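A.B. asks: Before we start, here is the structure in question, set down as structure tokens.
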Amino acid sequence: MHGEEPNFYGDEATGYGPVFEEQPVETIYPEESPEAKITMSCRARANPPATYKWMKDDMEIDVNDEGSHYSLVGGNLVISNPIKTQHVGKYSCLASNMYGTVISQDASVQFGYLDLFSSEERESVYVKEGQGAVLLCAPPPHYPAELSFRWILNEFPTFIPLDKRRFVSQITGNLYISKVDSSDSGNYSCIASSQSISKSVFSNYIPLVPLAERPIRKYPADLKVKFPDTTALVGQNITLECFALGNPVPEIRWKKIDGQLPANHEVRMAGAHLHLYNVQFEDGGTYQCEAVNSRGKDYHTARVSVEAFPEWVEHISSIEKDLSSDYTMSCMASGKPKPRIRWLKNGELLDRKEMRFSSLAFDDSGMYQCIAENHHGVIYANAELRVFACAPTFEHNPVKRVLAAKNGRVVIECRPKAAPKPAFSWSKDTELLSNSTRVFIWEDGSLEILNVTRADEGRYTCFAENDRGKANSTGSLQVTESTKITLAPANSDVKVGENTSMQCAASHDSSLDITFIWSLDGRVIDLHKDSQHYERTPNGSSNGELLIKNAQLKHAGLYTCMAQTTIDNVTASAQLVVRGPPGAPGGVRVTNKTDKSATLQWSRGADNHNPISKYTIQYRDSFSTDVWKAATTSPADVEGNEETATVVDLFPWTEYEFRVIATNTLGTGEPSSPSLKHKTLQAVPVVAPSDVGGGGGTSKELTITWTPVQPQYYYGPNFGYIVAFKQQGNNEWMKVTVADPQANRYVHKDSSIPSSTEFQVKVKAFNSEGEGPFSLTAVIYSAQDAPSEAPVIVNGKALSATEAVVWWVLLSHPNIDGYQVKYWRNHEDSEGGAQRVVVPGTKDHTRLEGMKANSNYLVEVRGYNSAGYGPPSKHLTIHTKKAPPSQAPRITGHKLKGQSVNIAWEKVEPMPDEASIEGYKVLYRKQGHSTGTLYTTSKLSIDIPLTADGSLYVVEVRAHTEGGDGAVSNPLEKILLYSPSFGFTSL
């Protein structure tokens, strides 16, 4: 019925089945790996040692097959010269010995790769300044899916810095620029990197060309990067991405729709990343990112679902069980979704949902595995079940010598190894024992004696017998004096910060050591960890007094002293009352609110044995979320017996939260938890804009400016401004509405507005509730008229190949701020690319520089003031002179002539498009100086006087033409002169 008894289940059996110490893991083999092999690990502890075999996709691998790429090294599987089409798959290892077989967790082999980007040229991206841009990365085919992305500008390693304006998505690799400006011009390349195979590739360059636009327009926030619905695993870290285009650059804000953002969150990348660390189930929910700028807002919501990898709640462990006994193997796992449980015996799948044995047979012995699995992963629990039968033996666990305290209780254990379970009996000395009111033999064979006396001392023998044999073992019982508390602790009452002590002393058997253990409200006090507050005499002494130092509120409670020997223990307790500042009030809530007040209600906290004398109320608002401020209340002083008060002097239409703090004669306690956030009711604005002024601007305009009202003074929704103005002497005010609460100017355009005319202006705020008071009235002036006349150019002429001068007649207009002179080459340049010079209104001429040689230039002049530019003059044509010679004079020699030196050079021959030579300029200067003596000559040599100051001098020669000075003589041909006492040296 039970099968044949295996020979390895004898009393001396010391072997055991395989237990994994190393199992195969998921492996990604880079296709370009220089190491042409893959090693899958497998090692099991077993006695006798285990043998191994491997499975691929549930088929056994024949490592001895001719031409096989597989070999076994110990338990490890080595794949030589791996081939993608043959060796990708799911692998598992089986370890076996005479006790059974276990199978490892599955591990896949995949081939990792990252192809090159497409070689096709990337098209240029043209974007107006102020608009947003998206540059697509388009990463190449790759495995595994995870890549990281960076972008370079123009050349490696100039990485694009990421800030509020620029963002790289780590999901798509795309580069987002919220607002393009001229500095963004350049060639961009996406770098995709695979950490798994340590490889990076670069895309072809994408030219980004910002297009100038004046004025730069503003655009509302527009979310372009939006995180998807996301599933996270418990304990995992995840990142949600959001990024918006817009001008001004949008702010990114995050919130959780169904509660507060988790404490374990961090916002990074200037708001574009929300990191959630160590995600828990309660972190699941709907998250929202909002992008805001002064032109508008955009938002996006998506769900974060939290699931869990399987985890054991209860699992099997190795066990020996008696033949024919009942046994149930139990495995329970948590996870989300709920894991499915499978069972294996010796590596073979069992078609059973539970492992329940009603009468164990030898054939039930073996290696069992339960496997819990959901779509996130698999966990294994392994155990050996050994079914055995044997006669009782006390060889490994004889009956022991036992000590017991007088009047106490004692249990003498009887634990032989035996299967099936034996019958038990006991004797004391020669007397057979039976159950009574004081003596009882338990079902497991243990002997219990109550109310122990000296007469119970002696030798005790346990007898065990089953159908395979019988055995006995003898121990002894010795009775000691019981432990008694002789000095019990007494109740005590202290204030916070004071010291006190708890007495405790005990008598005990002199042959035993005594230890005192103190506990507070049932929790043992760790005297080492909390030595700052607790101290007592060393263990071993009969005195266990406990000193409590610098008592705090947390030290109040029931103190219990336990006097303990190895045989018995006894306890005594006393209460410690600690009086101190009050505890935090609870349940703060707003019961009523108006535009400027809120009525609060709370419940009393602990008074800590000292009556509460008063309450303090604090608030913080949406404009200063980090600072708690003292609130003004009605009544001004909130007595300690109150549980309600009204906070006054609040701002209308402002979000507040409140907290309450209690105080007594011993101090001020901790604040309550904050109330929920409440917004006061709206009201008419009472604050007017400040610094009202303006004036100037373009012709036919009246520009009015002010400092906007701060948001805390909006007092209600739909906040804006009413701007009123009238011309000096008029009785009727014109009024316009400006709906933007952040606006700081209004420009009134009207063709009938006279220039430079005095106006009175004032501004007031309004919201949904009504209008506030006007500001003080300011006096400003309408814009000037732009010049209406074009200047008359008197003359202009070329000074050289690169410079010219132009003169004009000053305009008679009374308000000319200056003149703009514009010049461009007649046929080669467009007027839009012309060079410009601006000069003050008092100046009637200017020099034009940076011109091209031998070219026809058109020149125009126009006047301007704060209202704009007047009409241009008629065009003047100026022809620049030919360029000076590009050939430098070559110095041919130098001769000493008395107190001078003669320097000679070769004649310079100008090219056909260069100006004729008019002469030569010779610069004679000290070495290291930029100035010196300049000589001019039409000859090909010159005498230069020598000085006697012992200095080194340099001589430079260049040709002179109407187009300017030509190239300087070659630096290698400069002449260094040294003349102490009229000596001469050429270096």
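A note on labels: chains of the structure tokens are A, B, ... as shown, every chain counts residues from 1, and ligands are counted from 1 in their shown order.
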Assign secondary structure with DSSP using the backbone only, and return the residues of region 574-701 of chain A in strand (DSSP E) as a count of residues only.

C.D. replies: 62

A.B. asks: Which residues are near Glu22 (chain A)? Cut-off 9 Å, only C-alpha atoms, ignore same chain within fewer than 5 positions. Put them as a compact mmCIF listing (two decimals) with all heavy atoms, in the first residue's frame.

C.D. replies:
# COMPACT_ATOMS: atom_id res chain seq x y z
N SER A 41 24.07 30.33 -16.29
CA SER A 41 24.54 29.77 -15.03
C SER A 41 23.50 28.85 -14.39
O SER A 41 22.30 29.11 -14.45
CB SER A 41 24.87 30.89 -14.05
OG SER A 41 25.89 31.70 -14.57
N CYS A 42 24.01 27.76 -13.76
CA CYS A 42 23.15 26.87 -12.98
C CYS A 42 24.04 26.11 -11.99
O CYS A 42 25.01 25.46 -12.39
CB CYS A 42 22.41 25.89 -13.89
SG CYS A 42 21.23 24.85 -12.99
N ARG A 43 23.73 26.24 -10.70
CA ARG A 43 24.49 25.52 -9.67
C ARG A 43 23.57 25.19 -8.52
O ARG A 43 22.82 26.06 -8.06
CB ARG A 43 25.67 26.37 -9.20
CG ARG A 43 26.54 25.72 -8.13
CD ARG A 43 27.89 26.45 -8.04
NE ARG A 43 27.72 27.88 -7.87
CZ ARG A 43 27.59 28.48 -6.69
NH1 ARG A 43 27.60 27.76 -5.57
NH2 ARG A 43 27.45 29.79 -6.60
N ALA A 44 23.59 23.93 -8.08
CA ALA A 44 22.72 23.50 -6.98
C ALA A 44 23.56 22.80 -5.92
O ALA A 44 24.50 22.06 -6.22
CB ALA A 44 21.63 22.57 -7.48

A.B. asks: How many Å lie between CA of Ser782 (chain A) and CA of Gly695 (chain A), rounded to one decimal?

C.D. replies: 5.5 Å

A.B. asks: Might you pull out every residue within 12 Å of region 869-873 of chain A, with only C-alpha atoms counted and same-chain residues fewer than 3 positions away left off, and present them as a PyMOL selection string?

C.D. replies: chain A and resi 698-699+784-794+807-811+813+815-823+838+858-866+876

A.B. asks: Just the residues within 8 Å of Lys224 (chain A), please, counting only C-alpha atoms, with nothing from its chain fewer than 5 positions along; format it as a ChimeraX atom specification.

C.D. replies: /A:242-245

A.B. asks: Between CA of Thr483 (chain A) and CA of Ile441 (chain A), what is the distance, to one decimal in Å?

C.D. replies: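 Spanning CA of Thr483 (chain A) to CA of Ile441 (chain A) is a straight-line distance of 26.7 Å.
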
A.B. asks: Need the shell around Leu162 (chain A): protein/DNA/RNA residues with any atom at most 10 Å away, counting only C-alpha atoms. Skip same-chain ones fewer than 5 positions apart. Format as a list in words?

C.D. replies: Arg150, Trp151, Phe167, Val168, Leu175, Tyr176, Ile177, Met269 and Ala270 of chain A

A.B. asks: Can you pull out the residues contacting Lys677 (chain A)? Cut-off 7 Å, using only C-alpha atoms, and skip same-chain residues under 6 positions away; I want them as a ChimeraX atom specification.

C.D. replies: /A:655-657
